[in-house]
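Below is one structure; the comments refer to it alone.
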Amino acid sequence: MVSSVSVLLVSHDGGRWLPAVIDGLRAQRTPVDAVVCVDTGSKDESADLLDAAFAADFGAALRVSGSTSFPEAVRLGLERLRLQGSSSEWVWILHDDANPDPGALAALLAAAAADPGADVLGPKLREWPSLRRLLELGVTISGTGRRETGLERGEYDQGQHDEVREVLAVNTAGMLVRRTVLEELGGFDAQLPIFGNDIDFGWRAAAAGHRTLIVPEAVVFHAEAAHRGVRRTPLTGRHTHYQERRAALYTLLANARGRALPWLVVRLAFGTVLRMLGFLVVRSPGEALDDLAALLNLYAHPGQVRAARRARREQRPAEEHARSLLSPWWVPYRHGLDFLGDLAAAATNQAQDVAERRRVAAAAVAPASTVARPRTDEDELVEDTGIVARFLTNPVALTLAAFVLVALVGARDAFDSLAGGGLSPAPASAGQWWQLQVETWHPLGTGTAVPAPAYVLPMALLATLLGGSPSLAVSLVMLLAVPFGLWGAWRFLRVVGRLVTPTGAPRTALLWGATTWALVPVVSGAWSDGRFGVVVVAATLPWLAHAALGFADPAPDRRWRAAWRTGLLLALASAFAPVLWLFAALLGLVVVVAAFLIVRGAVRDRSVWGPPATALALVPALLSPWWVPAVQRGAAEAFLLDVGRLPSPVADGLDLATGRLAGLGAPWWTGAILAVLALLALVPRSTRIPVLVCWVVALVAAVLAALLGTGTLALAATTVATGLAALVVVLQGAFVVAATIGAIALVHDLHSWRRAVAAVVAVAAAVVPLGGLAWWLGAAENTVADGVDTDIPVYMVESSEQGPEHGILVVRGSVDEGLTYSVRRGDGVTMGEDEILALTSEDEDFTAQVRELVSRPTPEVIDALGQSGIEYVVLPEPADGGVAGVLDAATGLIQASAIAPTRAWEVDRPLDAASLEGPTSWLRVALLVLAGLGTLVVVVLCLPTTSRRRS
Amino acid sequence: MSHSAPPAPGRRSARAKTRRVDVTVLLAVLLPLLGLGGLALVDQDAVTDPVAPPTRTELTRATLVCPTAPADDAREVAITSAGEDVRGTVQVGLGDAQQPADLTSGEVTLVPDQSDAVAILGEDDAAPGLVAARFGGAEPAAVSCPDPTPVTWFTGVGAGAGHTSVLELVNPDAGTAIANVTVYGRSGVVEAERLRGVSVPGGTSVRLDLGTLVPRRDELALQVATVRGRIGAVVQDRFDGIGSAEPTADWLADQPAPATSNLLMGLAPGPGRRTLVVANGGDDEIRAEVKVVSGRSVFAPEGLPEIRVAPHSVQRISVSSVLDAALKDGATGLLLDATGPVTATVRSYVRGDLSHAVPSDLVESSATALLPETGGQKSVQVGGATRQGLVTVVARSASGEELDRTQAEISPDLGVTVKLPADTVLVTVEVERTTVSGAVMMAGDGGAAVVPLTVPATNGLIPAVRPGLP
């Protein structure tokens with residue numbers, strides 16, 4: 001028995017595909033009763049092509065407006081069939097980009113005949129025009145609304161899925177549906193104009209007790225024009241992803257069981273946030289926003305879903321059966337894992353190598369001039385053995401692991417909370433850091449609008465990720481600085497080695513260079529003295545340098561990617577040491593001038609000078625919420641200061657050359673060895689040019705140090721020297737790279753007397769990291785673990801934590817030599833507040849008030865103290881007897897207990913915090929928002945590309 | 001950043017190569033030289049914040065404390081002002097028992113019936129130049145009332161049967177004050193728990209009998225440090241002579257701080273027992289040399305070996321024989337030059353009466369001393385001039401009448417003695433072109449008393465105040 005079939009073809013601007021589709025339809029081995037064509041306002045020749053093909057036999061195409069949805073078009077087609085008096089049992093729906101294989105219809109009908117219970121049948125969809133790749137063999141939907149085909153990405157059709165089976169739904173392209181079923185279910189849901197109506201229909205059909213089969217023997221080639229955005233209709237608009245997502249969410253919400261609905265609503269909201277993150281990570285902010293918009297659209301109009309659920313309520317006798325056809329619960333989690341895997345793979349692939357790509361590019365230009373990297377035993381080992389065996393048989397890997405272990409032992413103080421030296425105690429909660437960032441007026445001292453230092457933001461982020469513990473964040477930074485720097489230095493030096501020579505630097509040289517670099521923050525004394533800004537810069541610098549190598553990439557798009565990465569890392573490092581940005585700007589200028597002199601043509605190419613310039617410009621842009629208000633509030637000294645508690649260590653020429661902060665760090669001669677090695681690296685001719693580049697970097701740092709080193713900065717509380725610590729780190733980095741490059745030349749030429757020289761140099765070089773490590777473990781005085789002693793009685797500290805008005809005025813010094821005062825509020829000066837207080841200009845009224853207090857404390861002066869929010873006056877050891885006598889005799893000051901010889905008084909007056917309040921700066925708020933968004937965008941632009949999107 | 005291909009090999013390569021080699025060698029020399037040269041320019045000094053001395057201002061509030069009256073016939077407190085044209089009132093008394101008293105420049109007001117310790121508070125005009133004293137009544141004794149200072153020293157106090165001292169701590173303010181008294185003995189710091197954290201309630205005085213609290217026979221020195229509040233400290237020294245002699249008492253003046261050079265003016269005339277007591281509160285042994293100051297010269301006496309004082313200890317040197325001879329030749333004081341800061345006192349027990357010579361204030365422009373009406377022969381003895389200069393001594397009666405005015409040249413090698421009329425009660429010493437220090441010696445049949453010249457505070461200090469690091 002041959003069933004009667006009517007074809008329903010919906011077209012919209014399908015002129016590109018229609019000729020083939022019409023041919024395919026004509027070539028069907030099974031005749032059809034009728035062909036009803038519905039054209040939804042094509043602007044091309046689609047309607048004419050359809051008329052030319054079928055008007056004669058089956059009547060002209062129905063021409064309807066472009067805003068007609070697919071469900072509407074199908075409804076119109078069915079009506080046309082009814083009007084024509086068609087009695088066909090089946091309707092075969094085709095798209096204008098779905099080209100059926102000649103046997104498709106026959107196979108579908110055969111399957112229908114074989115299984116009389118089947119009401120909906122779908123063909124195997126293969127990609128058009130590639131023809132071999134599988135698109136769909138029936139679809140279902142996951143709990144998160146994802147369209148599940150059960151196929152691998154780009155899977156070739158090798159007959160591996162060729163059995164007829166029941167599925168939830170089949171694509172409308174090539175769907176053979178029993179006409180009665182189609183009409184009984186009310187066709188497709190008009191709420192789903194283009195996408196997703198097939199799944200919804202399948203679900204409804206299954207719930208109503210109908211069966212849907214996939215018939216792999218029937219093949220339809222589908223271009224998925226609308227899905228891929230090749231074809232835009234008024235219905236898809238520009239945001240096809242939005243439409244698809246909205247359809248998926250709608251389908252889930254409309255068809256889910258009633259009791260699962262509340263959970264589903266919550267789950268989809270969370271899922272959307274996760275998906276958005278995922279899209280951002282693969283640099284698809286548009287899709288992330290589409291996801292959000294789709295969710296908001298549905299949640300803002302619950303009436304749509306309610307109406308749909310009402311309409312579906314009656315036809316659900318087989319709801320459980322439909323549920324069994326949904327994809328398993330674990331599928332979304334597997335996709336999540338896959339995604340993370342893809343991401344990691346993309347990131348690691350990306351990490352390989354500017355050097356390789358330059359070589360490939362050079363080979364393309366002049367094949368003879370390039371040398372392939374010779375294969376070594378190691379390469380074969382890599383291919384042959386497992387990771388554990390490789391690790392255990394590799395002395396370099398073992399040494400690195402031992403180094404990391406020893407570094408963790410050296411940093412053992414960080415296992416406890418750190419404070420001391422240049423490091424103030426961390427605040428109690430990450431919330432305090434966020435508040436410090438967000439508020440534009442701080443109730444510190446006597447009230448200040450100086451913005452918090454920029455490094456508070458990354459620290460706050462880290463603390464929040466660690467469960468809201470700033471103390472843990474500080475400890476983690478200090479603990480992992482050396483291993484992190486080691487990792488970065490290894491990566492950077494490896495690429496530098498390969499840039500210099502195809503074989504790369506010898507691994508022992510890499511080992512030496514990476515460990516020496518990683519120890520820079522330690523041997524400089526920065527770690528022991530709690531100069532965390534230097535520590536972070538030293539750990540970040542190799543990563544920054546590695547990112548900057550991307551400027552030398554042959555591909556312009558990778559150079560731009562390097563710009564975003566370098567800019568972001570430079571902004572991060574500059575947040576901890578603003579001087580670094582000045583250095584980078586000066587270096588950039590020198591490089592551009594040099595490039596102009598050497599390769600004139602390069603300057604004209606925007607993709608050559610643009611990326612470095614962008615990276616440099618990104619820093620002030622991203623740090624504008626801190627830098628602009630700092631200038632505005634007269635705190636521009638921040639650009640030239642190291643972060644942390646004052647006074648910062650100073651440096652002279654020898655300190656800079658040997659990588660030490662004055663008075664701190666390992667013995668200077670170990671640093672001198674490194675400088676001498678960097679000088680010796682200039683001797684071998686073969687590697688002299690890259691070593692010279694290192695010396696150019698060192699020269700720029702030296703010039704900047706000479707410029708900055710002459711000045712001092714007068715702050716309200718003290719006069720300080722400019723912060724050169726970041727330049728110490730840069731100089732050490734340049735020396736390490738120079739010495740490592742020098743080692744390449746040395747090992748390449750090991751014969752006769754050179755062998756002896758190499759041995760001497762190697763022994764001397766080994767002293768640098770080994771000596772540094774030994775000093776750290778044995779001789780370093782870790783003031784960073786000593787705590788910050790404030791001489792303030794505990795009960796006062798507890799009182800001051802009750803609110804900003806419970807301030808403590810601390811007066812130090814003597815009458816003869818001058819007195820200094822500071823005001824402690826809240827939990828004291830915590831990390832991030834030092835810089836604010838140091839850069840705040842003097843409150844002259846308050847100074848006059850204190851002067852009156854210590855010379856002639858009239859009752860009015862004491863009243864004013866209360867109004868300034870001062871609860872206690874403390875004279876820490878050694879308390880000046882004269883001042884103490886004056887305060888003892890003052891009316892309104894009550895002697896408070898303190899451990900002698902510290903003296904203290906309580907202000908017996910009402911306390912007021914009003915004087916600490918200040919205006920909100922909307923400029924800063926706006927800058928914070930803009931910079932926050934900008935940082936997100938830059939982060940997305942930095943991320944590696946994954947090949948997730950179907951191309 | 002160059003990513004261009006390497007230069008194509010060609011005919012010019014040989015020439016280019018030699019040129020480039022030259023350039024790299026040049027750069028290899030030049031860049032490190034420039035870099036290290038740039039670094040050599042860097043020399044940051046750790047910036048130390050400058051010392052900011054206080055500014056002087058007119059004193060607006062002055063407090064002096066006077067000890068408890070030594071006897072019923074000595075209940076008066078003498079006050080005057082060394083300031084110019086002062087005519088005002090001061091508050092005299094402790095705690096609630098305060099009474100006003102008139103204060104006039106150049107005149108001496110005797111405030112009667114003050115048997116307890118008192119504080120004298122002068123405010124505004126009455127503050128600058130406030131001077132007060134108490135006298136011994138029948139016994140020749142006098143004390144210039146000190147102002148409360150955070151730390152002060154008393155050298156040569158006793159805690160034994162024959163020689164004992166009473167430390168009186170006076171708190172002029174309303175709140176409780178606390179003092180730590182450190183006792184130095186011959187062989188180091190003496191354990192004296194009951195002298196640590198001595199609490200003096202507001203508006204009261206506490207008398208500490210050392211003989212009871214730290215009974216011992218050696219010479220002692222006290223360091224009185226106020227750890228809370230303000231305390232004025234005065235020591236009354238008692239000496240019980242041998243045999244039937246009456247016990248005698250006098251106040252022992254304080255010394256604000258140890259010094260390397262101590263001029264001890266005011267040696268009671270006549271034969272007697274004289275003891276030099278030197279205290280070393282420092283951590284190192286100190287050697288000291290004694291010189292005699294007389295009207296003709298300053299010389300090292302024979303027969304007095306070099307003095308060695310161990311750390312944290314007190315040394316006693318008998319100077320009776322040395323001074324008996326020197327006094328006949330017109331000696332007026334001793335000069336003690338030490339290798340480190342010490343405190344010192346010469347205690348004289350002459351004619352059955354006790355008196356002390358203690359280093360006194362450095363007089364830069366003028367100094368004052370209040371004297372009792374009786375007291376025998378009075379003379380001003382000054383020395384220690386830093387250079388040639390002029391000393392003018394003005395003697396006044398209680399009503400302000402100028403009794404005598406004497407000018408004398410003084411030079412570094414000399415002591416100067418100016419005799420005063422017997423009824424002098426107020427002495428002003430003005431110094432030009434030099435600085436001196438000295439005392440007023442009162443010697444009569446009943447014994448002697450020494451009143452150090454005091455430089456009253458006329459200026460208040462306003463400390464330099466600025467924000468500091470937390």
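Chain labels follow the order of the structure tokens: the first chain is A, the next B, and so on; residue numbering restarts at 1 in every chain, and ligands are counted from 1 in their shown order.
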(message) Env of region 85-95 of chain A: 6 Å cut, atoms = only C-alpha atoms, seq-sep filter 4 positions within chain, self excluded. Answer as a ChimeraX atom specification.
(response) /A:4-10,81,173-179
Residue subset to file, keeping C-alpha atoms, as a JSON list (two decimals), in the first residue's frame:
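selection19.json, freshly written:
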[["chain", "number", "residue", "atom", "x", "y", "z"],
["A", 4, "SER", "CA", -0.45, 9.53, 0.08],
["A", 5, "VAL", "CA", 1.97, 12.33, 0.91],
["A", 6, "SER", "CA", 1.69, 16.07, 0.50],
["A", 7, "VAL", "CA", 4.89, 18.11, 0.54],
["A", 8, "LEU", "CA", 4.86, 21.38, 2.45],
["A", 9, "LEU", "CA", 7.82, 23.54, 1.51],
["A", 10, "VAL", "CA", 8.46, 26.78, 3.36],
["A", 81, "LEU", "CA", -4.27, 21.47, 1.40],
["A", 173, "ALA", "CA", 13.45, 19.83, 7.78],
["A", 174, "GLY", "CA", 12.35, 16.54, 6.28],
["A", 175, "MET", "CA", 9.78, 15.72, 8.96],
["A", 176, "LEU", "CA", 7.12, 13.33, 7.78],
["A", 177, "VAL", "CA", 4.13, 13.74, 10.00],
["A", 178, "ARG", "CA", 0.69, 12.20, 9.98],
["A", 179, "ARG", "CA", -1.59, 15.00, 8.92]]
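Every chain B residue lying within 6 Å of chain A, based on only C-alpha atoms, is listed here: Met1, His3, Gly35, Gly38, Leu39, Ala40, Leu41, Val42, Asp43, Gln44, Val47, Val51, Ala52, Pro53, Pro54, Pro150, Gly229, Arg230, Ile462, Pro463, Ala464, Val465, Arg466, Pro467, Gly468, Leu469 and Pro470 of chain B.
From CA of Asp337 (chain B) back to CA of Pro305 (chain B), the distance works out to 13.2 Å.
Residue nearest Gly158 (chain B) within the list B:Thr204, B:Thr226, B:Gln99, B:Gln236: B:Gln236 [criterion: smallest interatomic distance, only C-alpha atoms].
For region 404-420 of chain A, the set of protein, DNA and RNA residues having any atom at most 6 Å away, when counting only C-alpha atoms and skipping those fewer than 5 positions along the same chain, is Pro425, Ser471, Ser475, Leu479, Pro483, Leu777, Thr783, Val784, Ala785, Asp786, Gly787 and Val788 of chain A.
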(request) Quick one: everything within 8 Å of region 135-137 of chain B, counting only C-alpha atoms, minus sequence neighbours fewer than 5 positions away in the same chain. Send it as a list in words. (result) Ala69, Pro70, Ala71, Asp73, Ala74, Glu76, Val77, Ala142, Val143, Asp250, Leu371 and Pro372 of chain B
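Coordinates place CA of Ala514 (chain A) at a distance of 13.2 Å from CA of Leu773 (chain A).
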(request) Enumerate, as a PyMOL selection string, the complete set of residues in region 381-416 of chain B that a backbone-based DSSP assignment places in strand (DSSP E). (result) chain B and resi 381-383+389-396+402-410+416
Per residue of region 342-448 of chain B within 10 Å of region 315-320 of chain B, record the nearest atom pair and its distance in Å to one decimal, counting only C-alpha atoms, with rows in chain order and ascending residue number, as CSV.
residue,atom,partner,partner_atom,distance
B:Ala344,CA,B:Gln315,CA,9.5
B:Thr345,CA,B:Arg316,CA,9.8
B:Val346,CA,B:Val319,CA,8.6
B:Arg347,CA,B:Val319,CA,9.6
B:Ser348,CA,B:Ser320,CA,8.6
B:Tyr349,CA,B:Ser320,CA,9.7
(request) Output as an NGL selection string all residues of region 439-538 of chain A that backbone DSSP marks as alpha helix (DSSP H). (result) :A and (456-465 or 470-500 or 507-518 or 520-523 or 532-538)
(request) Name the closest residue to Ala738 (chain A) among the candidates B:Val23, B:Glu84, B:Ala78, B:Ala28; distances are taken between atoms, counting only C-alpha atoms. (result) B:Ala28
(message) Can you tell me which residues surround Ala98 (chain A) at a distance of at most 12 Å, considering only C-alpha atoms, apart from same-chain residues fewer than 2 positions away, and format the answer as JSON, numbers by chain?
(response) {"A": [9, 10, 11, 14, 16, 17, 18, 19, 20, 21, 22, 23, 24, 25, 92, 93, 94, 95, 96, 100, 101, 104, 123, 124, 125, 126, 127, 128, 129, 131, 135, 171, 172, 173, 174, 175, 219, 220, 221, 222, 223, 224, 225, 226]}
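Here CA of Ser411 (chain B) stands at a distance of 7.4 Å from CA of Thr386 (chain B).
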(request) Would you please work out which residue, of B:Ala82, B:Val342, B:Ala439, B:Val309, is nearest to Gly384 (chain B) when using only C-alpha atoms? (result) B:Ala439
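Using only C-alpha atoms, the shortest contact distance between Ala613 (chain A) and any of A:Ile673, A:Leu337, A:Ala635, A:Leu587 is found at A:Leu587.
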Write out as a JSON list (two decimals) with C-alpha atoms, in the first residue's frame each polymer residue whose atoms come within 9 Å of Val139 (chain A), counting only C-alpha atoms; drop sequence neighbours fewer than 3 positions from it.
[["chain", "number", "residue", "atom", "x", "y", "z"],
["A", 136, "GLU", "CA", 21.07, 15.37, 13.48],
["A", 147, "ARG", "CA", 19.57, 20.91, 22.05],
["A", 148, "GLU", "CA", 21.03, 17.42, 22.24],
["A", 149, "THR", "CA", 21.76, 15.47, 19.08],
["A", 150, "GLY", "CA", 23.85, 12.77, 20.75],
["A", 167, "VAL", "CA", 13.33, 9.85, 19.69],
["A", 168, "LEU", "CA", 11.75, 12.84, 21.36],
["A", 169, "ALA", "CA", 11.69, 14.98, 18.25],
["A", 170, "VAL", "CA", 12.97, 15.31, 14.73],
["A", 171, "ASN", "CA", 13.93, 18.39, 12.82],
["A", 198, "ASP", "CA", 10.49, 20.94, 16.40],
["A", 199, "ILE", "CA", 11.50, 19.88, 19.92]]
